[in-house]
Amino acid sequence: MTAPRLPADLHTPAYVLDVASLKRNLETAARLKAETGIKMLLATKAWAMPAAFPLMRDTLDGTTASGEYEARMGREEFGKEVHVYAPAYGPGEVERLVTIADHIYFNSPGQLAQHMATAKAAGRHVGVRINPGFSMATLGGALYDPCAPGSRFGTTKAESGGIPWGEVDILHAHALCEAREEGSVGLIKHVAETFADEIRQVKAVNFGGGHFINRPGYTLEPLIAALQEFRKAFGVEVILEPGAGLVVNTGWLVATVLDLHRNEKDIAILDTSASTHMPDVLEVPYTPIILGAKKAGVLAHSYVLGGKTCMTGDVIGEYSFAQPLKVGDRLIFTDMMQYSFVKNTTFNGTPLPDLSIFHEDGRYEVVRSYGYDEFRRRLG
């Protein structure tokens with residue numbers, strides 16, 4: 001991504017959604033839907049900015065949630081179909097969800113037996129998440145692989161005999177994370193071969209998320225062909241629910257250098273934090289790209305970039321710059337929409353970044369700013 005012309009007085013840290021980039025990604029989704037006839041949902045666990053939902057409504061069919069609150073947000077803010085899945089539901093949760101969600105997915109024969117009657121009585125569609133035994137997550141190894149050994153997600157083929165498939169509406173198979181087309185196609189073919197009998201008893205198949213359809217280098221044609229072939233073979237409705245795949249490379253996290261430090265290496269301390277603002281930097285782990293920067297040692301001036309928390313490991317990475325960094329310099333981290341602000345914390349009382357939108361006409365809009373009240377509110 002190229003450097004945006006953001007306001008000189010922009011308050012940092014700030015997440016900035018780039019509307020033009022989001023619209024380009026939605027064009028990919030629209031093409032996929034037009035050529036295959038599938039439904040596509042926004043997985044709000046990966047990205048949820050209600051202020052931008054109006055940009056997505058015409059393309060997407062609704063939202064998919066990982067619990068009651070996300071489902072409620074989808075109903076109130078997006079306003080189309082709401083799908084919800086959780087590994088287990090707490091007391092009263094399904095009774096509340098039937099007033100919010102259109103499609104409720106269950107993780108096991110036990111959860112299905114406990115809650116299906118409630119969902120059916122309310123006229124809701126019932127889904128079952130299977131564990132297809134297909135591993136092709138390309139990020140974070142077992143940490144992000146829903147089919148890793150011992151995974152709590154979904155009913156395995158060996159356990160699926162306890163499910164009354166004739167009463168189930170949707171078979172749900174989520175197994176991918178940041179997968180290229182070979183992962184998407186591989187999952188579709190694997191499910192078709194392994195769960196053919198089950199598919200013939202349901203009305204729809206949901207192939208989940210992790211299809212990184214807007215990742216540079218992702219070739220859409222093999223996925224289109226696989227979806228067309230699957231629909232022709234089984235005659236069922238097909239659903240995809242990308243989250244990150246819809247918002248990859250659609251925005252930035254803008255930070256400011258607060259101080260320069262020296263301890264064997266040059267260190268720059270920023271007003272943003274890996275621990276609180278970019279948790280996947282530590283969890284995956286990975287080193288995000290900064291506009292104008294390279295790996296340490298490539299350009300003339302190298303720095304370790306660290307956050308302002310008291311956590312020793314709050315280190316974003318090592319980078320090099322053509323010019324020495326100065327206090328007050330602005331740094332722009334790219335690809336900072338997916339799994340970013342939806343996972344933020346206020347550890348140490350670290351302020352949450354602004355949520356903002358960079359419009360196609362160059363207008364910069366702050367959607368929400370946070371201060372002490374947000375930190376204090378969370379502590380009861």
# chains A, B, ... in the order shown; residues from 1 in each chain; ligands from 1
>>> residues_around(residues="A:Pro353", least_positions_apart="4", cutoff="10 Å", atoms="only C-alpha atoms", output="PyMOL selection string")
chain A and resi 11-16+253-255+271-272+276-277+341+344+368-371
>>> select_by_dssp(residues="stretch 162-377 of chain A", states="helix (DSSP H, G or I)", output="number ranges by chain")
A: 162, 165-167, 181-194, 196-199, 220-234, 244-247, 274-277, 279-283, 341-343, 347-349, 372-377
>>> residues_around(residues="A:Phe358", least_positions_apart="6", cutoff="7 Å", atoms="only C-alpha atoms", output="ChimeraX atom specification")
/A:16-19,364-365
>>> residues_around(residues="A:Gln338", least_positions_apart="6", cutoff="6 Å", atoms="only C-alpha atoms", output="list in words")
Ala46, Trp47 and Ala244 of chain A
>>> write_last_selection(atoms="C-alpha atoms", output="compact mmCIF listing (two decimals), in the first residue's frame")
# COMPACT_ATOMS: atom_id res chain seq x y z
CA ALA A 46 -12.16 -10.86 12.46
CA TRP A 47 -13.38 -7.33 11.79
CA ALA A 244 -9.92 -11.18 7.25
>>> closest_residue(among="A:Pro4, A:Met73, A:Leu42, A:Asn25", to="A:Leu331", atoms="only C-alpha atoms")
A:Pro4
>>> closest_residue(among="A:Pro87, A:Pro216, A:Gly37, A:Gly209", to="A:Gly154", atoms="only C-alpha atoms")
A:Pro87
>>> atom_distance(atom1="atom CA of A:Glu360", atom2="atom CA of A:Leu10")
17.3 Å
>>> closest_residue(among="A:Thr194, A:Thr44, A:Ser66, A:Thr156", to="A:Leu246", atoms="only C-alpha atoms")
A:Thr44
>>> closest_atom_pairs(of="stretch 224-299 of chain A", to="stretch 325-328 of chain A", cutoff="7 Å", atoms="only C-alpha atoms", output="Markdown table")
| residue | atom | partner | partner_atom | distance |
| --- | --- | --- | --- | --- |
| A:Thr256 | CA | A:Gly328 | CA | 5.7 |
| A:Val257 | CA | A:Val327 | CA | 5.1 |
| A:Leu258 | CA | A:Val327 | CA | 5.4 |
| A:Asp259 | CA | A:Val327 | CA | 5.6 |
| A:Leu260 | CA | A:Val327 | CA | 7.0 |
>>> closest_atom_pairs(of="stretch 189-274 of chain A", to="stretch 167-174 of chain A", cutoff="12 Å", atoms="only C-alpha atoms", output="tab-separated table")
residue	atom	partner	partner_atom	distance
A:Lys189	CA	A:Ala173	CA	11.8
A:His190	CA	A:Ala173	CA	10.4
A:Val191	CA	A:Ala173	CA	7.8
A:Ala192	CA	A:Ala173	CA	10.9
A:Thr194	CA	A:Ala173	CA	11.6
A:Phe195	CA	A:Leu171	CA	9.4
A:Ala196	CA	A:Leu171	CA	10.9
A:Asp197	CA	A:Leu171	CA	11.3
A:Glu198	CA	A:Leu171	CA	7.9
A:Ile199	CA	A:Leu171	CA	6.9
A:Arg200	CA	A:Leu171	CA	10.2
A:Gln201	CA	A:Val168	CA	7.8
A:Val202	CA	A:Asp169	CA	5.0
A:Lys203	CA	A:Asp169	CA	5.2
A:Ala204	CA	A:Ile170	CA	4.7
A:Val205	CA	A:Leu171	CA	4.8
A:Asn206	CA	A:His172	CA	4.6
A:Phe207	CA	A:Ala173	CA	4.9
A:Gly208	CA	A:His174	CA	4.3
A:Gly209	CA	A:His174	CA	6.2
A:Gly210	CA	A:His174	CA	7.9
A:His211	CA	A:His174	CA	9.9
A:Val236	CA	A:Ile170	CA	9.5
A:Glu237	CA	A:Ile170	CA	9.0
A:Val238	CA	A:Ile170	CA	9.3
A:Ile239	CA	A:His172	CA	9.0
A:Leu240	CA	A:His174	CA	9.4
A:Glu241	CA	A:His174	CA	9.2
A:Pro242	CA	A:His174	CA	10.3
>>> select_by_dssp(residues="stretch 129-264 of chain A", states="strand (DSSP E or B)", output="list of chain:residue names")
A:Arg129, A:Ile130, A:Thr155, A:Ile170, A:Leu171, A:His172, A:Ala179, A:Ala204, A:Val205, A:Asn206, A:His211, A:Glu237, A:Val238, A:Ile239, A:Leu240, A:Gly251, A:Trp252, A:Leu253, A:Val254, A:Ala255, A:Thr256, A:Val257, A:Leu258, A:Asp259, A:Leu260, A:His261, A:Arg262, A:Asn263
>>> decode(residues="stretch 302-348 of chain A", atoms="N, CA and C atoms", output="mmCIF file, in the first residue's frame")
data_model
loop_
_atom_site.group_PDB
_atom_site.id
_atom_site.type_symbol
_atom_site.label_atom_id
_atom_site.label_comp_id
_atom_site.auth_asym_id
_atom_site.auth_seq_id
_atom_site.Cartn_x
_atom_site.Cartn_y
_atom_site.Cartn_z
ATOM 1 N N SER A 302 18.894 1.278 11.893
ATOM 2 C CA SER A 302 18.056 0.194 12.398
ATOM 3 C C SER A 302 17.614 0.454 13.837
ATOM 4 N N TYR A 303 16.387 0.033 14.133
ATOM 5 C CA TYR A 303 15.806 0.236 15.458
ATOM 6 C C TYR A 303 14.958 -0.970 15.860
ATOM 7 N N VAL A 304 14.949 -1.243 17.146
ATOM 8 C CA VAL A 304 13.925 -2.097 17.733
ATOM 9 C C VAL A 304 12.753 -1.187 18.074
ATOM 10 N N LEU A 305 11.556 -1.563 17.630
ATOM 11 C CA LEU A 305 10.362 -0.772 17.936
ATOM 12 C C LEU A 305 9.598 -1.433 19.071
ATOM 13 N N GLY A 306 9.390 -0.682 20.144
ATOM 14 C CA GLY A 306 8.702 -1.223 21.306
ATOM 15 C C GLY A 306 7.501 -0.394 21.702
ATOM 16 N N GLY A 307 6.586 -1.036 22.417
ATOM 17 C CA GLY A 307 5.399 -0.344 22.898
ATOM 18 C C GLY A 307 5.662 0.379 24.204
ATOM 19 N N LYS A 308 4.639 1.110 24.660
ATOM 20 C CA LYS A 308 4.769 1.931 25.861
ATOM 21 C C LYS A 308 4.261 1.240 27.125
ATOM 22 N N THR A 309 3.976 -0.048 27.062
ATOM 23 C CA THR A 309 3.548 -0.754 28.263
ATOM 24 C C THR A 309 4.755 -1.222 29.063
ATOM 25 N N CYS A 310 4.507 -1.737 30.262
ATOM 26 C CA CYS A 310 5.576 -2.246 31.106
ATOM 27 C C CYS A 310 5.858 -3.716 30.866
ATOM 28 N N MET A 311 5.245 -4.316 29.837
ATOM 29 C CA MET A 311 5.504 -5.721 29.505
ATOM 30 C C MET A 311 6.825 -5.831 28.750
ATOM 31 N N THR A 312 7.749 -6.620 29.279
ATOM 32 C CA THR A 312 9.076 -6.736 28.680
ATOM 33 C C THR A 312 9.009 -7.150 27.218
ATOM 34 N N GLY A 313 8.108 -8.041 26.912
ATOM 35 C CA GLY A 313 8.017 -8.567 25.544
ATOM 36 C C GLY A 313 7.195 -7.723 24.588
ATOM 37 N N ASP A 314 6.828 -6.517 24.999
ATOM 38 C CA ASP A 314 6.015 -5.654 24.130
ATOM 39 C C ASP A 314 6.903 -5.034 23.044
ATOM 40 N N VAL A 315 7.349 -5.883 22.147
ATOM 41 C CA VAL A 315 8.247 -5.485 21.062
ATOM 42 C C VAL A 315 7.581 -5.816 19.732
ATOM 43 N N ILE A 316 7.506 -4.829 18.870
ATOM 44 C CA ILE A 316 6.836 -5.002 17.577
ATOM 45 C C ILE A 316 7.760 -5.652 16.565
ATOM 46 N N GLY A 317 9.048 -5.325 16.613
ATOM 47 C CA GLY A 317 10.005 -5.927 15.699
ATOM 48 C C GLY A 317 11.195 -5.023 15.486
ATOM 49 N N GLU A 318 12.108 -5.482 14.624
ATOM 50 C CA GLU A 318 13.289 -4.705 14.270
ATOM 51 C C GLU A 318 13.174 -4.246 12.824
ATOM 52 N N TYR A 319 13.445 -2.975 12.602
ATOM 53 C CA TYR A 319 13.269 -2.359 11.290
ATOM 54 C C TYR A 319 14.459 -1.443 10.992
ATOM 55 N N SER A 320 14.617 -1.131 9.704
ATOM 56 C CA SER A 320 15.605 -0.123 9.325
ATOM 57 C C SER A 320 14.931 0.965 8.496
ATOM 58 N N PHE A 321 15.517 2.169 8.585
ATOM 59 C CA PHE A 321 14.965 3.354 7.931
ATOM 60 C C PHE A 321 16.084 4.094 7.211
ATOM 61 N N ALA A 322 15.730 4.789 6.158
ATOM 62 C CA ALA A 322 16.733 5.539 5.379
ATOM 63 C C ALA A 322 17.287 6.709 6.172
ATOM 64 N N GLN A 323 16.470 7.322 7.041
ATOM 65 C CA GLN A 323 16.883 8.454 7.857
ATOM 66 C C GLN A 323 16.716 8.094 9.334
ATOM 67 N N PRO A 324 17.491 8.706 10.213
ATOM 68 C CA PRO A 324 17.318 8.442 11.644
ATOM 69 C C PRO A 324 15.911 8.823 12.108
ATOM 70 N N LEU A 325 15.375 8.024 12.995
ATOM 71 C CA LEU A 325 14.076 8.365 13.564
ATOM 72 C C LEU A 325 14.236 9.521 14.547
ATOM 73 N N LYS A 326 13.202 10.320 14.662
ATOM 74 C CA LYS A 326 13.165 11.442 15.595
ATOM 75 C C LYS A 326 11.890 11.343 16.429
ATOM 76 N N VAL A 327 11.950 11.872 17.628
ATOM 77 C CA VAL A 327 10.733 11.964 18.441
ATOM 78 C C VAL A 327 9.698 12.780 17.672
ATOM 79 N N GLY A 328 8.493 12.246 17.587
ATOM 80 C CA GLY A 328 7.429 12.910 16.833
ATOM 81 C C GLY A 328 7.219 12.348 15.444
ATOM 82 N N ASP A 329 8.151 11.506 14.976
ATOM 83 C CA ASP A 329 7.962 10.897 13.657
ATOM 84 C C ASP A 329 6.728 9.996 13.670
ATOM 85 N N ARG A 330 6.024 9.988 12.548
ATOM 86 C CA ARG A 330 4.829 9.158 12.398
ATOM 87 C C ARG A 330 5.192 7.893 11.628
ATOM 88 N N LEU A 331 4.762 6.726 12.127
ATOM 89 C CA LEU A 331 4.965 5.442 11.462
ATOM 90 C C LEU A 331 3.615 4.859 11.102
ATOM 91 N N ILE A 332 3.528 4.273 9.901
ATOM 92 C CA ILE A 332 2.262 3.716 9.422
ATOM 93 C C ILE A 332 2.420 2.215 9.204
ATOM 94 N N PHE A 333 1.759 1.422 10.055
ATOM 95 C CA PHE A 333 1.742 -0.032 9.923
ATOM 96 C C PHE A 333 0.632 -0.421 8.950
ATOM 97 N N THR A 334 0.933 -1.305 8.008
ATOM 98 C CA THR A 334 -0.046 -1.680 7.000
ATOM 99 C C THR A 334 -0.835 -2.933 7.413
ATOM 100 N N ASP A 335 -1.923 -3.188 6.689
ATOM 101 C CA ASP A 335 -2.771 -4.364 6.887
ATOM 102 C C ASP A 335 -3.197 -4.495 8.346
ATOM 103 N N MET A 336 -3.784 -3.437 8.883
ATOM 104 C CA MET A 336 -4.129 -3.399 10.291
ATOM 105 C C MET A 336 -5.633 -3.359 10.552
ATOM 106 N N MET A 337 -6.426 -3.927 9.648
ATOM 107 C CA MET A 337 -7.854 -4.050 9.921
ATOM 108 C C MET A 337 -8.177 -5.414 10.512
ATOM 109 N N GLN A 338 -7.644 -6.484 9.945
ATOM 110 C CA GLN A 338 -8.018 -7.827 10.377
ATOM 111 C C GLN A 338 -7.465 -8.161 11.761
ATOM 112 N N TYR A 339 -8.330 -8.686 12.622
ATOM 113 C CA TYR A 339 -7.962 -9.145 13.963
ATOM 114 C C TYR A 339 -7.117 -8.119 14.714
ATOM 115 N N SER A 340 -7.484 -6.858 14.622
ATOM 116 C CA SER A 340 -6.721 -5.820 15.316
ATOM 117 C C SER A 340 -7.554 -5.250 16.447
ATOM 118 N N PHE A 341 -8.368 -4.231 16.157
ATOM 119 C CA PHE A 341 -9.098 -3.580 17.245
ATOM 120 C C PHE A 341 -10.159 -4.466 17.877
ATOM 121 N N VAL A 342 -10.564 -5.548 17.210
ATOM 122 C CA VAL A 342 -11.516 -6.458 17.838
ATOM 123 C C VAL A 342 -10.871 -7.251 18.986
ATOM 124 N N LYS A 343 -9.520 -7.212 19.084
ATOM 125 C CA LYS A 343 -8.806 -7.959 20.122
ATOM 126 C C LYS A 343 -8.089 -7.042 21.110
ATOM 127 N N ASN A 344 -8.302 -5.747 21.024
ATOM 128 C CA ASN A 344 -7.534 -4.802 21.842
ATOM 129 C C ASN A 344 -7.850 -4.920 23.334
ATOM 130 N N THR A 345 -6.859 -4.515 24.141
ATOM 131 C CA THR A 345 -7.050 -4.431 25.586
ATOM 132 C C THR A 345 -6.579 -3.057 26.064
ATOM 133 N N THR A 346 -6.878 -2.754 27.335
ATOM 134 C CA THR A 346 -6.394 -1.517 27.950
ATOM 135 C C THR A 346 -5.377 -1.833 29.042
ATOM 136 N N PHE A 347 -4.610 -2.890 28.869
ATOM 137 C CA PHE A 347 -3.553 -3.262 29.804
ATOM 138 C C PHE A 347 -2.675 -2.050 30.125
ATOM 139 N N ASN A 348 -2.364 -1.888 31.416
ATOM 140 C CA ASN A 348 -1.584 -0.738 31.895
ATOM 141 C C ASN A 348 -2.331 0.579 31.759
#
